[in-house]
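Text of work_10.txt, listed as compact mmCIF, C-alpha atoms and all ligand atoms:
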# COMPACT_ATOMS: atom_id res chain seq x y z
CA MET A 309 26.73 44.36 -16.64
CA VAL A 310 23.06 43.60 -17.18
CA SER A 311 23.59 41.07 -19.95
CA GLY A 312 26.45 39.30 -18.12
CA THR A 313 24.27 39.02 -15.02
CA GLN A 314 21.27 37.86 -17.05
CA GLN A 315 23.38 35.09 -18.56
CA ILE A 316 24.37 33.93 -15.08
CA PHE A 317 20.73 33.62 -14.02
CA ASP A 318 19.86 31.94 -17.33
CA LYS A 319 22.36 29.25 -16.43
CA LEU A 320 21.27 29.07 -12.79
CA ASP A 321 17.50 28.87 -12.79
CA ARG A 322 14.59 29.62 -15.12
CA ASP A 323 12.44 31.47 -12.57
CA LEU A 324 15.28 33.64 -11.31
CA ALA A 325 16.24 34.44 -14.90
CA GLU A 326 12.67 35.49 -15.64
CA GLY A 327 12.60 37.69 -12.52
CA PHE A 328 15.73 39.53 -13.56
CA ARG A 329 14.41 39.94 -17.11
CA MET A 330 11.26 41.50 -15.70
CA MET A 331 13.33 43.96 -13.66
CA GLN A 332 15.02 45.12 -16.85
CA ARG A 333 11.71 45.44 -18.65
CA LEU A 334 10.22 47.53 -15.85
CA ARG A 335 13.37 49.68 -15.52
CA LEU A 336 14.02 48.62 -11.95
CA LEU A 337 17.82 48.75 -12.25
CA ASP A 338 19.94 51.89 -11.74
CA LEU A 339 23.41 50.41 -11.88
CA ASP A 340 25.99 52.71 -13.41
CA ASN A 341 27.93 55.31 -11.53
CA ARG A 342 27.43 58.85 -12.82
CA LYS A 343 28.36 62.34 -11.72
CA GLY A 344 26.28 63.53 -8.76
CA LYS A 345 24.82 60.09 -7.98
CA ALA A 346 24.66 59.09 -4.30
CA PRO A 347 27.23 56.44 -3.31
CA GLY A 348 26.57 52.86 -2.22
CA GLY A 349 24.48 49.97 -3.39
CA TYR A 350 21.23 48.51 -2.13
CA GLN A 351 18.02 46.79 -3.02
CA SER A 352 14.83 48.48 -1.98
CA THR A 353 11.28 47.20 -2.32
CA LEU A 354 8.62 49.47 -3.76
CA ALA A 355 5.82 48.71 -1.34
CA GLU A 356 2.76 49.50 -3.45
CA SER A 357 3.81 47.74 -6.63
CA ARG A 358 5.59 45.03 -4.56
CA LEU A 359 8.56 45.23 -6.89
CA PRO A 360 12.28 45.30 -6.11
CA PHE A 361 14.55 48.12 -7.20
CA ILE A 362 18.35 47.91 -7.36
CA PHE A 363 20.56 50.95 -6.95
CA MET A 364 24.33 50.79 -7.25
CA ASN A 365 27.42 52.47 -8.63
CA ALA A 366 29.10 50.11 -11.06
CA VAL A 367 32.42 51.32 -12.44
CA GLY A 368 33.68 48.10 -14.03
CA GLN A 369 35.28 46.20 -11.16
CA GLN A 370 34.92 42.66 -9.87
CA ARG A 371 33.28 44.07 -6.75
CA ASP A 372 30.45 45.38 -8.93
CA VAL A 373 29.71 41.84 -10.09
CA GLU A 374 29.60 40.68 -6.47
CA THR A 375 27.34 43.59 -5.49
CA MET A 376 25.07 42.93 -8.47
CA LEU A 377 24.63 39.28 -7.50
CA HIS A 378 24.16 40.22 -3.84
CA GLU A 379 21.45 42.80 -4.53
CA ALA A 380 19.79 40.49 -7.07
CA GLY A 381 19.47 37.93 -4.25
CA HIS A 382 17.56 40.55 -2.23
CA ALA A 383 15.45 41.37 -5.30
CA PHE A 384 14.53 37.66 -5.75
CA HIS A 385 13.46 37.66 -2.10
CA ALA A 386 11.10 40.59 -2.76
CA LEU A 387 9.71 38.93 -5.89
CA ALA A 388 9.20 35.63 -4.05
CA THR A 389 6.95 37.29 -1.45
CA ARG A 390 4.91 39.40 -3.89
CA ALA A 391 1.74 37.34 -3.45
CA GLU A 392 1.82 37.61 0.36
CA ASP A 393 -0.95 39.95 1.46
CA ILE A 394 0.21 40.61 5.00
CA TYR A 395 2.72 43.42 4.65
CA ALA A 396 4.86 42.37 7.63
CA TYR A 397 5.22 38.87 6.19
CA ARG A 398 6.68 40.24 2.96
CA HIS A 399 9.96 40.95 4.81
CA ALA A 400 12.12 38.33 6.47
CA PRO A 401 14.41 39.04 9.45
CA ILE A 402 17.70 40.56 8.27
CA GLU A 403 19.64 37.42 9.31
CA PHE A 404 17.73 35.58 6.59
CA CYS A 405 17.55 38.44 4.07
CA GLU A 406 21.32 38.22 3.89
CA VAL A 407 21.14 34.46 3.30
CA ALA A 408 19.15 35.31 0.16
CA SER A 409 21.79 37.76 -1.06
CA MET A 410 24.98 36.02 0.07
CA SER A 411 23.81 32.68 -1.35
CA MET A 412 23.32 34.38 -4.70
CA GLU A 413 26.92 35.68 -4.58
CA LEU A 414 28.19 32.13 -4.09
CA LEU A 415 25.81 30.48 -6.57
CA GLY A 416 26.27 33.16 -9.22
CA ASN A 417 30.05 33.14 -8.90
CA GLU A 418 30.03 29.63 -10.33
CA PHE A 419 29.11 31.14 -13.71
CA ILE A 420 31.11 34.36 -13.90
CA GLU A 421 32.73 33.19 -17.11
CA THR A 422 29.97 35.37 -18.57
CA PHE A 423 32.18 38.30 -17.51
CA TYR A 424 35.69 36.89 -17.73
CA ALA A 425 37.98 34.58 -19.60
CA ALA A 426 38.49 31.31 -17.71
CA PRO A 427 41.71 32.17 -15.81
CA GLU A 428 40.35 35.55 -14.71
CA ALA A 429 37.10 33.91 -13.62
CA LYS A 430 39.07 31.58 -11.39
CA ARG A 431 40.90 34.50 -9.83
CA ALA A 432 37.65 36.40 -9.27
CA ARG A 433 36.13 33.32 -7.65
CA ARG A 434 39.17 32.93 -5.45
CA GLU A 435 39.05 36.56 -4.32
CA HIS A 436 35.39 36.19 -3.50
CA LEU A 437 35.97 33.05 -1.41
CA GLU A 438 38.90 34.70 0.38
CA GLY A 439 36.54 37.56 1.21
CA VAL A 440 34.07 35.07 2.69
CA VAL A 441 36.80 33.70 4.96
CA GLU A 442 38.16 37.12 5.92
CA VAL A 443 34.83 38.60 6.86
CA PHE A 444 34.26 36.15 9.77
CA PRO A 445 37.08 37.43 12.04
CA TRP A 446 36.11 41.01 11.23
CA ILE A 447 32.49 40.32 12.20
CA ALA A 448 33.72 38.65 15.41
CA THR A 449 35.84 41.71 16.20
CA VAL A 450 33.01 44.19 15.62
CA ASP A 451 30.54 42.06 17.57
CA ALA A 452 32.86 41.55 20.56
CA PHE A 453 33.69 45.28 20.55
CA GLN A 454 30.01 46.22 20.67
CA HIS A 455 29.49 43.84 23.59
CA TRP A 456 32.45 45.42 25.38
CA ILE A 457 31.19 48.98 24.76
CA TYR A 458 27.70 48.34 26.08
CA SER A 459 28.82 46.28 29.04
CA HIS A 460 31.35 48.95 30.14
CA PRO A 461 29.37 52.17 30.53
CA GLY A 462 31.46 55.13 31.60
CA HIS A 463 34.68 53.73 30.08
CA THR A 464 37.43 56.15 29.13
CA ARG A 465 38.81 56.68 25.64
CA GLN A 466 42.00 54.92 26.62
CA GLN A 467 40.11 51.90 27.97
CA ARG A 468 38.09 51.72 24.74
CA ARG A 469 41.23 51.94 22.67
CA ASP A 470 42.84 49.15 24.69
CA ALA A 471 39.74 46.99 24.37
CA TRP A 472 39.77 47.40 20.60
CA LEU A 473 43.48 46.66 20.34
CA ASN A 474 43.06 43.52 22.43
CA LEU A 475 40.33 42.32 20.07
CA MET A 476 42.50 43.06 17.05
CA LYS A 477 45.20 41.00 18.71
CA ARG A 478 42.71 38.19 19.22
CA PHE A 479 41.01 38.20 15.79
CA GLY A 480 43.18 40.38 13.55
CA GLY A 481 45.56 37.72 12.31
CA ASP A 482 49.26 38.01 11.67
CA VAL A 483 49.50 41.52 10.27
CA ASP A 484 52.41 43.85 10.96
CA TRP A 485 50.98 47.31 11.72
CA THR A 486 54.31 48.93 12.55
CA GLY A 487 54.14 52.61 11.64
CA TYR A 488 50.34 52.47 11.38
CA GLU A 489 49.48 52.11 15.07
CA GLU A 490 46.99 55.01 15.01
CA ALA A 491 45.16 53.57 12.00
CA LEU A 492 44.89 50.22 13.78
CA ALA A 493 43.63 51.78 17.02
CA ASN A 494 40.95 53.78 15.19
CA MET A 495 39.93 51.19 12.64
CA TRP A 496 36.55 50.60 14.27
CA HIS A 497 35.47 54.06 13.07
CA ARG A 498 35.04 52.53 9.62
CA GLN A 499 32.19 50.24 10.65
CA LEU A 500 28.99 52.24 10.61
CA HIS A 501 27.08 49.62 12.62
CA ILE A 502 29.08 50.49 15.73
CA PHE A 503 27.63 54.01 15.60
CA LEU A 504 24.14 53.26 14.32
CA HIS A 505 23.05 49.71 15.09
CA PRO A 506 23.86 48.46 18.60
CA PHE A 507 24.70 44.74 18.65
CA TYR A 508 24.14 44.46 14.90
CA TYR A 509 26.62 43.22 12.34
CA VAL A 510 26.74 39.66 13.64
CA GLU A 511 23.75 38.99 11.39
CA TYR A 512 26.09 38.95 8.40
CA GLY A 513 28.04 36.14 10.03
CA ILE A 514 24.85 34.21 10.82
CA ALA A 515 23.67 34.72 7.24
CA GLN A 516 27.02 33.79 5.70
CA LEU A 517 26.85 30.44 7.48
CA GLY A 518 23.40 29.93 5.94
CA ALA A 519 24.61 30.98 2.49
CA LEU A 520 27.57 28.61 2.68
CA GLN A 521 25.16 25.77 3.48
CA VAL A 522 22.96 26.65 0.47
CA TRP A 523 26.10 26.64 -1.67
CA ALA A 524 27.26 23.32 -0.17
CA ASN A 525 23.83 21.83 -0.89
CA SER A 526 23.98 23.08 -4.49
CA LYS A 527 27.26 21.25 -4.99
CA LYS A 528 25.52 18.01 -4.05
CA GLU A 529 22.12 18.54 -5.65
CA LYS A 530 21.78 21.78 -7.56
CA THR A 531 18.11 21.64 -8.53
CA LYS A 532 16.93 20.76 -5.04
CA ALA A 533 19.15 23.40 -3.41
CA LEU A 534 17.75 26.09 -5.74
CA ARG A 535 14.19 24.92 -5.12
CA ASP A 536 14.66 24.95 -1.32
CA TYR A 537 16.26 28.41 -1.58
CA GLN A 538 13.29 29.79 -3.51
CA ASN A 539 10.72 28.11 -1.26
CA ALA A 540 12.41 29.59 1.81
CA LEU A 541 12.48 33.06 0.23
CA ALA A 542 8.77 32.78 -0.55
CA LEU A 543 8.03 32.32 3.18
CA GLY A 544 9.08 35.95 3.72
CA GLY A 545 8.76 36.76 7.41
CA SER A 546 5.90 34.36 8.09
CA ARG A 547 8.09 31.89 10.03
CA PRO A 548 10.72 32.21 12.77
CA LEU A 549 14.38 32.31 11.75
CA PRO A 550 15.24 28.64 12.46
CA GLU A 551 12.31 27.55 10.27
CA LEU A 552 13.39 29.82 7.42
CA PHE A 553 16.88 28.34 7.62
CA SER A 554 15.48 24.84 7.66
CA ALA A 555 13.23 25.53 4.64
CA ALA A 556 16.36 26.66 2.76
CA GLY A 557 18.01 23.34 3.62
CA CYS A 558 20.26 24.85 6.31
CA LYS A 559 20.79 24.37 10.01
CA PHE A 560 20.35 27.37 12.26
CA ASP A 561 23.31 26.27 14.30
CA PHE A 562 26.74 27.72 14.89
CA SER A 563 28.45 24.74 16.48
CA THR A 564 31.54 23.00 15.18
CA ALA A 565 29.32 20.32 13.66
CA THR A 566 27.87 22.90 11.24
CA VAL A 567 30.84 25.20 10.75
CA LYS A 568 33.60 22.63 10.24
CA PRO A 569 32.31 21.05 7.00
CA LEU A 570 31.76 24.56 5.58
CA VAL A 571 35.33 25.55 6.35
CA LYS A 572 36.49 22.27 4.79
CA LEU A 573 34.47 23.07 1.65
CA LEU A 574 36.01 26.55 1.44
CA GLN A 575 39.48 25.06 1.89
CA THR A 576 38.91 22.48 -0.84
CA GLU A 577 37.47 25.02 -3.28
CA LEU A 578 40.24 27.54 -2.63
CA GLN A 579 42.84 24.82 -3.05
CA LYS A 580 41.35 23.88 -6.42
CA LEU A 581 41.40 27.50 -7.58
CA LEU A 582 44.95 27.90 -6.38
CA ILE A 583 46.20 24.85 -8.21
CA LEU A 584 44.19 25.28 -11.38
CA GLY A 585 44.08 29.01 -11.66
CA PHE A 586 47.04 30.73 -10.08
CA GLU A 587 49.78 30.24 -12.65
CA LYS A 588 47.46 30.59 -15.58
CA VAL A 589 46.06 33.83 -14.22
CA PHE A 590 49.38 35.43 -13.56
CA GLY A 591 50.76 34.05 -16.80
CA SER A 592 47.85 35.53 -18.71
CA PHE A 593 48.24 39.17 -17.76
CA GLY A 594 49.11 41.49 -20.55
CA LYS A 595 48.78 38.79 -23.15
CA PRO A 596 46.92 39.98 -26.22
CA GLY A 597 44.19 37.92 -27.80
CA GLY A 598 42.32 36.94 -24.63
CA LYS A 599 38.62 37.53 -24.33
CA PRO A 600 38.34 41.26 -23.61
CA SER A 601 36.58 41.92 -20.35
CA PRO A 602 34.88 45.19 -19.48
CA PHE A 603 35.48 44.29 -15.83
CA ARG A 604 38.76 45.02 -14.16
CA LEU A 605 40.07 42.54 -11.67
CA ASP A 606 41.70 44.88 -9.21
CA SER A 607 44.08 43.72 -6.57
CA VAL A 608 41.79 45.42 -4.06
CA LYS A 609 40.22 42.79 -1.86
CA ARG A 610 36.53 42.66 -1.22
CA ASN A 611 35.98 45.33 1.36
CA PRO A 612 34.39 44.21 4.63
CA PHE A 613 33.57 47.86 5.36
CA SER A 614 31.58 48.01 2.17
CA SER A 615 28.83 50.57 1.85
CA THR A 616 26.65 48.05 0.06
CA ARG A 617 24.02 46.08 1.89
ZN ZN B 701 22.52 42.56 1.69
If you convert what's in this file into structure tokens, what do you get?
Amino acid sequence: MVSGTQQIFDKLDRDLAEGFRMMQRLRLLDLDNRKGKAPGGYQSTLAESRLPFIFMNAVGQQRDVETMLHEAGHAFHALATRAEDIYAYRHAPIEFCEVASMSMELLGNEFIETFYAAPEAKRARREHLEGVVEVFPWIATVDAFQHWIYSHPGHTRQQRRDAWLNLMKRFGGDVDWTGYEEALANMWHRQLHIFLHPFYYVEYGIAQLGALQVWANSKKEKTKALRDYQNALALGGSRPLPELFSAAGCKFDFSTATVKPLVKLLQTELQKLLILGFEKVFGSFGKPGGKPSPFRLDSVKRNPFSSTR
């Protein structure tokens, strides 16, 4: 896990690679699952030493690679603000913290051949991009539901249930829930934000739009995109959100003008992976002699209810 990830950063950027190497040297990574270990995955900053620490529960799945890259993005954010003396400026608003992490998922996924043989890498990349698409309607559902809850005080259980089901009808896509009506009606229980963080969760959508722009920029001009990304991270929380986005080479804007080209990019990339990867991937299963991978590519999709952050 560590060496595969290190190789990704070696290919991506010298400074990021050095940062991750330092984390290994200083034993700032607790990655493997073990008996009795708390669940979940996160990056936490050790305030006195101003160093990042990554905690997670890797068991050898593709999701672990995504989590590793995600948390590493947060860790790079912490490292980038180390020299900032004002404590409050060493942390950006969460909408931008998640740009740091989600960008790293997209940028790092370009090099996951360090974990997989080529056809498997394509499939992993495809699953990741599908997850990016799928998370938007889920975020919209959770956000709209929170707005409904707080703007309808005194509502009954039945009214709340109906409101949720209406939103699932609006955003939930073409899924047949026959026989699972209760699961559908209670699905919102799975999103912790609804219970703990009023009106929060939309920040992941805001951040994903930023991350997609960083990724789009890197496709045009990789070095500049990486440099802008790092410069924006180094600003920490010293600037308002739109300025952090702009330093990273992104627009803080959710209009069609910004979203449409990103959707187009996702469509094009997914199409490429479908054409180039699909048959090869499914043809390659069970064939001996391929590069052995310690990482399983499960059919389980990236989970939008993930306990990682
Ligand atoms: Zn995160």
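Excluding A:Ala400 itself and any same-chain residue fewer than 2 positions from it, the protein and nucleic acid residues within 9 Å of it, counting all atoms listed in the file, are A:His385, A:Ala396, A:Tyr397, A:Arg398, A:Ile402, A:Glu403, A:Phe404, A:Cys405, A:Leu541, A:Leu543, A:Gly544, A:Gly545, A:Ser546, A:Arg547, A:Pro548, A:Leu549, A:Leu552.
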Task: A:Ala346 surroundings by all atoms listed in the file, 12 Å radius, close-in-sequence under 5 positions cut, as a ChimeraX atom specification - done: /A:338-341,363-365,615
TODO: One decimal, Å: what's the distance from atom CA of A:Leu320 over to atom CA of A:Ala388, could you say?
DONE: 16.3 Å
Open item on the list: If we count all atoms listed in the file and set the cut-off at 12 Å, which residues sit around A:Glu413, ignoring sequence neighbours fewer than 3 positions away in its own chain? Please answer as number ranges by chain.
Closed with: A: 313, 316-317, 320, 370-382, 406-410, 416-420, 432-433, 436-437, 439-440, 516, 519-520, 522-523
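Using only C-alpha atoms and all ligand atoms, the nearest neighbour of ligand ZN 701 (chain B) within the list A:Val310, A:Ile362, A:Met330, A:Cys558 is A:Ile362.
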- [ ] Neighbourhood query: residues within 12 Å of (9.5, 45.3, -6.1), file coordinates, counting all atoms listed in the file; return as a VMD selection string.
- [x] chain A and resid 327 to 328 330 to 331 334 to 337 351 to 362 380 382 to 391 398 to 399
Task: One-decimal distance in Å that lies between atom CA of A:Ile502 and atom CA of A:Leu414 - done: 27.0 Å
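You will find atom CA of A:Pro401 at 16.0 Å from atom CA of A:Lys559.
Residues within 7 Å of stretch 450-455 of chain A, counting all atoms listed in the file and excluding same-chain residues fewer than 3 positions away, are Trp446, Ile447, Tyr458, Ser459, Trp472, Ile502, Pro506, Phe507, Tyr509 and Val510 of chain A.
Compared by their closest atoms to A:Gly481, and using all atoms listed in the file, the residues A:Tyr350, A:Tyr424, A:Tyr395, A:Phe444 rank with A:Phe444 nearest.
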Open item on the list: Under the rule that only C-alpha atoms are counted, which of A:Thr531, A:Thr422, A:Ser411, A:Thr449 is the nearest residue to A:Gly312?
Closed with: A:Thr422
